[in-house]
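Have a look at the structure below before the remarks.
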Amino acid sequence: MGLILGIETSCDETSVAVVRDGHIVLSNIVASQISKHAVHGGVVPELAAREHLVALNPVVHTALDEASIGFEQIDAIAVTCGPGLMPALLVGLNFAKGLSLQINKPLIGINHFIAHIYAAFLDEDGKKTLSTPDIFPLISLVVSGGHTALLLIDADGRAKLVGTTIDDAAGEALDKAAKLLGMGYPGGPIIDKIGALGNPSKFNFPRPLTGAAGKALPEEHKYNFSFSGVKTALLYHVNKAENRLDEVFLKDTAASYQEAIVDVLCRKTIAAALEFNAGAIVVSGGVACNSRLRGELTKRAGTTKLLLAQRKYCTDNAAMVAGLAEHFFKQGKFSDLNLDAFSRLPQITAAPFVL
Ligand code: KG4
Ligand code: ZN
């Protein structure tokens, strides 16, 4: 049982949290850089790194103050080491190493992707759920700006990737669409808001790799995702409309485009849950904030237990990092100062928090 300081800098949020025993979130500070990147229409890795450097020290102190603790009470420092943007990751990682040396506390390197899965089990309710055997095997959908993946997780902690995107992530598809529609950055929350005001059945965007539209679905893509075709369809749709881009058209377009993405995510997730006889469906990552996705999954999950991560733990945050680290801390599994950052998702074979 430990008191862990978590540090997250994999993309454009500088976040620091203090979490006790893996579930009690004492503080979770998120300093967003969105305004700095918005002018560029997307995240600029070097700019993100510079901003993390400026923000980290004050954010660490705010997190400690909010948790009413000092460095001496911390048992370990957890830090995201990948996957993510290398320049951004390196700032957090090197900061954590320096802090670990300075205050003489062990370091725990955390996989950001697994931390997203764990986010659905943070807090006391999450702890109870995790100790319920009938949620296994579970199907986990991680849907963010960098990932769209389905995993099967067994009661013994073994994990298997059953599907992933073969091109864009769902969040990326939403961000790019909003950019194309001139709605701003980041697109996910904007499309969520504007789409709620439009008609989701007004325009019919493709549902790639679902077997819809009479196209045969190869077995190897049964649980894979592809969103680049939906994006191309949007481009044609906008070009065809020429100068008729009025408010109603934009609302209906946002709603229909979002619907295509949500529909694909729901279909694949529910189908996987049925095929693998899942006890629960667990959904997390930034796009899991999406109102339409949450609503549709709730409708379509039927009798299968649905665990949606709380919105505040869906987008990048350090609470999920510090929480997951408890499971390494308990076993005395620490990282050394050679700990490296990595940009791409390695093969996932275990969900370490399920033990
Ligand atoms: O998990 P996250 O903060 O960072 C990554 O690890 O990628 O996810 C960011 C993504 C962005 O693409 C953003 O547009 C999307 O999550 N997002 C949303 C919503 N809020 C954030 N997408 C749809 N609806 C939302 N409400
Ligand atoms: Zn993330």
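Labeling convention for the structure tokens: chains A, B, ... as they appear, residues from 1 per chain, ligands from 1 in order of appearance.
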Self-check item: Env. residues ligand 2 / 10 Å / only C-alpha atoms and all ligand atoms / as number ranges by chain
Solution: A: 8-13, 82-84, 112-116, 142-147, 284-287, 313-317
Practice problem: Write down as a VMD selection string the residues belonging to stretch 161-298 of chain A that are assigned helix (DSSP H, G or I) by DSSP computed on the backbone. | Solution: chain A and resid 170 to 180 187 to 195 212 to 214 219 to 221 228 to 241 247 to 275 286 to 289 291 to 298
Practice problem: Write down as a PyMOL selection string the residues of stretch 43-290 of chain A whose backbone DSSP state falls under strand (DSSP E). | Solution: chain A and resi 76-82+107-111+138-143+148-153+159-164+280-284
Grab the residues selected above and save them as a tab-separated table (two decimals), in the first residue's frame with N, CA and C atoms.
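Heads up, here's the output in part31.tsv:
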```tsv
chain	number	residue	atom	x	y	z
A	76	ALA	N	6.75	6.49	-3.86
A	76	ALA	CA	7.38	6.23	-5.17
A	76	ALA	C	6.91	7.27	-6.18
A	77	ILE	N	7.67	7.38	-7.26
A	77	ILE	CA	7.33	8.30	-8.35
A	77	ILE	C	7.03	7.46	-9.59
A	78	ALA	N	5.82	7.62	-10.12
A	78	ALA	CA	5.44	6.89	-11.33
A	78	ALA	C	5.48	7.87	-12.50
A	79	VAL	N	5.93	7.39	-13.64
A	79	VAL	CA	6.00	8.28	-14.80
A	79	VAL	C	5.66	7.51	-16.08
A	80	THR	N	4.92	8.17	-16.95
A	80	THR	CA	4.61	7.58	-18.26
A	80	THR	C	5.88	7.53	-19.08
A	81	CYS	N	6.23	6.35	-19.60
A	81	CYS	CA	7.42	6.31	-20.45
A	81	CYS	C	7.06	5.98	-21.90
A	82	GLY	N	5.81	5.74	-22.22
A	82	GLY	CA	5.38	5.53	-23.59
A	82	GLY	C	4.08	4.76	-23.62
A	107	LEU	N	11.51	4.76	-8.61
A	107	LEU	CA	10.87	5.19	-9.85
A	107	LEU	C	10.08	4.02	-10.44
A	108	ILE	N	8.91	4.29	-10.99
A	108	ILE	CA	8.13	3.22	-11.65
A	108	ILE	C	7.70	3.73	-13.03
A	109	GLY	N	8.17	3.07	-14.08
A	109	GLY	CA	7.81	3.45	-15.45
A	109	GLY	C	6.46	2.85	-15.80
A	110	ILE	N	5.61	3.65	-16.41
A	110	ILE	CA	4.23	3.20	-16.69
A	110	ILE	C	3.91	3.29	-18.18
A	111	ASN	N	3.23	2.26	-18.67
A	111	ASN	CA	2.75	2.24	-20.05
A	111	ASN	C	1.42	3.02	-20.09
A	138	LEU	N	-12.88	-9.81	-19.65
A	138	LEU	CA	-13.51	-8.55	-20.04
A	138	LEU	C	-12.97	-8.06	-21.37
A	139	ILE	N	-13.81	-7.30	-22.03
A	139	ILE	CA	-13.39	-6.66	-23.29
A	139	ILE	C	-13.15	-5.19	-22.98
A	140	SER	N	-11.94	-4.75	-23.30
A	140	SER	CA	-11.59	-3.36	-23.04
A	140	SER	C	-11.44	-2.61	-24.37
A	141	LEU	N	-12.20	-1.52	-24.49
A	141	LEU	CA	-12.05	-0.65	-25.67
A	141	LEU	C	-11.26	0.59	-25.22
A	142	VAL	N	-10.10	0.78	-25.81
A	142	VAL	CA	-9.32	1.99	-25.54
A	142	VAL	C	-9.42	2.86	-26.78
A	143	VAL	N	-10.01	4.03	-26.62
A	143	VAL	CA	-10.29	4.84	-27.78
A	143	VAL	C	-9.86	6.29	-27.49
A	148	THR	N	-6.98	3.09	-30.97
A	148	THR	CA	-8.33	2.53	-31.02
A	148	THR	C	-8.09	1.03	-30.99
A	149	ALA	N	-8.35	0.41	-29.85
A	149	ALA	CA	-7.99	-0.99	-29.71
A	149	ALA	C	-8.98	-1.73	-28.83
A	150	LEU	N	-9.13	-3.02	-29.14
A	150	LEU	CA	-9.97	-3.90	-28.33
A	150	LEU	C	-9.07	-4.97	-27.72
A	151	LEU	N	-9.16	-5.16	-26.42
A	151	LEU	CA	-8.36	-6.19	-25.76
A	151	LEU	C	-9.26	-7.14	-25.00
A	152	LEU	N	-8.80	-8.37	-24.93
A	152	LEU	CA	-9.49	-9.37	-24.13
A	152	LEU	C	-8.62	-9.61	-22.90
A	153	ILE	N	-9.18	-9.42	-21.72
A	153	ILE	CA	-8.39	-9.56	-20.49
A	153	ILE	C	-9.01	-10.66	-19.62
A	159	ALA	N	-3.58	-10.74	-21.20
A	159	ALA	CA	-4.30	-9.83	-22.10
A	159	ALA	C	-3.90	-10.12	-23.53
A	160	LYS	N	-4.88	-9.94	-24.41
A	160	LYS	CA	-4.60	-10.17	-25.83
A	160	LYS	C	-5.28	-9.07	-26.64
A	161	LEU	N	-4.52	-8.52	-27.56
A	161	LEU	CA	-5.08	-7.51	-28.45
A	161	LEU	C	-5.94	-8.23	-29.48
A	162	VAL	N	-7.24	-7.97	-29.52
A	162	VAL	CA	-8.07	-8.67	-30.51
A	162	VAL	C	-8.34	-7.81	-31.74
A	163	GLY	N	-8.12	-6.51	-31.61
A	163	GLY	CA	-8.32	-5.64	-32.76
A	163	GLY	C	-7.68	-4.28	-32.53
A	164	THR	N	-7.30	-3.66	-33.63
A	164	THR	CA	-6.70	-2.32	-33.51
A	164	THR	C	-6.97	-1.57	-34.81
A	280	ALA	N	-17.79	-8.24	-18.78
A	280	ALA	CA	-17.92	-6.77	-18.76
A	280	ALA	C	-17.25	-6.16	-19.98
A	281	ILE	N	-17.75	-4.97	-20.33
A	281	ILE	CA	-17.14	-4.16	-21.38
A	281	ILE	C	-16.58	-2.92	-20.67
A	282	VAL	N	-15.30	-2.66	-20.86
A	282	VAL	CA	-14.65	-1.55	-20.18
A	282	VAL	C	-14.22	-0.54	-21.23
A	283	VAL	N	-14.60	0.72	-21.05
A	283	VAL	CA	-14.32	1.71	-22.10
A	283	VAL	C	-13.58	2.92	-21.51
A	284	SER	N	-12.46	3.28	-22.14
A	284	SER	CA	-11.68	4.41	-21.64
A	284	SER	C	-10.89	5.08	-22.76
```
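Across the structure, atom CA of A:Ile190 and atom 11 (C, counted along the ligand's line) of ligand 1 are spaced 10.3 Å apart.
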Self-check item: Residue among A:Ala351, A:Leu181, A:Leu235, A:Ala169 lying closest to ligand 1, counting only C-alpha atoms and all ligand atoms
Solution: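 Selected residue with least distance to ligand 1: A:Ala169.
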Exercise. Fewer than 5 positions away in the same chain doesn't count, so skip those; otherwise give me all residues within 10 Å of A:Pro133, counting only C-alpha atoms, as a VMD selection string.
Key: chain A and resid 154 to 155 279
Now that the selection is made, can you save its residues with C-alpha atoms as a PDB file, in the first residue's frame?
```pdb
ATOM      1  CA  ASP A 154      -8.653 -12.756 -18.439  1.00  0.00           C
ATOM      2  CA  ALA A 155      -9.081 -13.147 -14.678  1.00  0.00           C
ATOM      3  CA  GLY A 279     -18.462 -10.480 -18.206  1.00  0.00           C
TER       4      GLY A 279
END
```
Practice problem: Show which residues sit within 10 Å of A:His61, as a PyMOL selection string. Count only C-alpha atoms, and ignore same-chain residues fewer than 3 positions away. | Solution: chain A and resi 16+29+56-58+64-67+69-71
Exercise. List the neighbours of A:Gly188 out to 6 Å using only C-alpha atoms; skip same-chain residues closer than 2 positions along the sequence, and give me the result as a ChimeraX atom specification.
Key: /A:174-175,186,190-191
Residues of the last selection are to be written out with N, CA and C atoms, as a PDB file, in the first residue's frame.
```pdb
ATOM      1  N   LEU A 174     -11.772  12.281 -35.592  1.00  0.00           N
ATOM      2  CA  LEU A 174     -12.652  13.371 -35.153  1.00  0.00           C
ATOM      3  C   LEU A 174     -11.908  14.705 -35.209  1.00  0.00           C
ATOM      4  N   ASP A 175     -10.649  14.700 -34.780  1.00  0.00           N
ATOM      5  CA  ASP A 175      -9.854  15.943 -34.791  1.00  0.00           C
ATOM      6  C   ASP A 175      -9.665  16.453 -36.218  1.00  0.00           C
ATOM      7  N   PRO A 186      -9.204  20.871 -30.056  1.00  0.00           N
ATOM      8  CA  PRO A 186      -9.303  19.517 -30.591  1.00  0.00           C
ATOM      9  C   PRO A 186     -10.730  19.188 -31.005  1.00  0.00           C
ATOM     10  N   ILE A 190     -15.566  19.214 -29.749  1.00  0.00           N
ATOM     11  CA  ILE A 190     -16.356  20.160 -30.568  1.00  0.00           C
ATOM     12  C   ILE A 190     -17.411  19.388 -31.361  1.00  0.00           C
ATOM     13  N   ILE A 191     -17.007  18.282 -31.970  1.00  0.00           N
ATOM     14  CA  ILE A 191     -17.964  17.477 -32.759  1.00  0.00           C
ATOM     15  C   ILE A 191     -19.024  16.886 -31.824  1.00  0.00           C
TER      16      ILE A 191
END
```
Quiz item: Nearest to ligand 1 among A:Pro346, A:Gly211, A:Gly41, A:Pro106, with distances taken over only C-alpha atoms and all ligand atoms: which residue is it?
Solution: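 The answer is A:Gly41, which sits nearest to ligand 1.
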Self-check item: Option closest in space to ligand 1, from A:Asp263, A:Glu296, A:Glu172, A:Glu275 [counting only C-alpha atoms and all ligand atoms]
Solution: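 Ranked by minimum distance to ligand 1, first place goes to A:Glu172.
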Exercise. May I ask for the distance between atom CA of A:Ile4 and atom CA of A:Arg20, given in Å to one decimal place?
Key: 6.3 Å
Self-check item: Distance query A:Ser131 at most 10 Å, only C-alpha atoms, self and fewer than 4 positions along chain excluded, as a VMD selection string
Solution: chain A and resid 126 to 127 135 155 354 to 355
Quiz item: When you draw a straight line from atom CA of A:Val60 to atom CA of A:Ser15, how long is it in Å?
Solution: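 Answer for the atom CA of A:Val60 to atom CA of A:Ser15 separation: 8.3 Å.
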Quiz prompt | All residues 6 Å or closer to stretch 215-227 of chain A, only C-alpha atoms, same chain fewer than 6 positions away omitted, as a VMD selection string | solution = chain A and resid 163 to 168 208 268
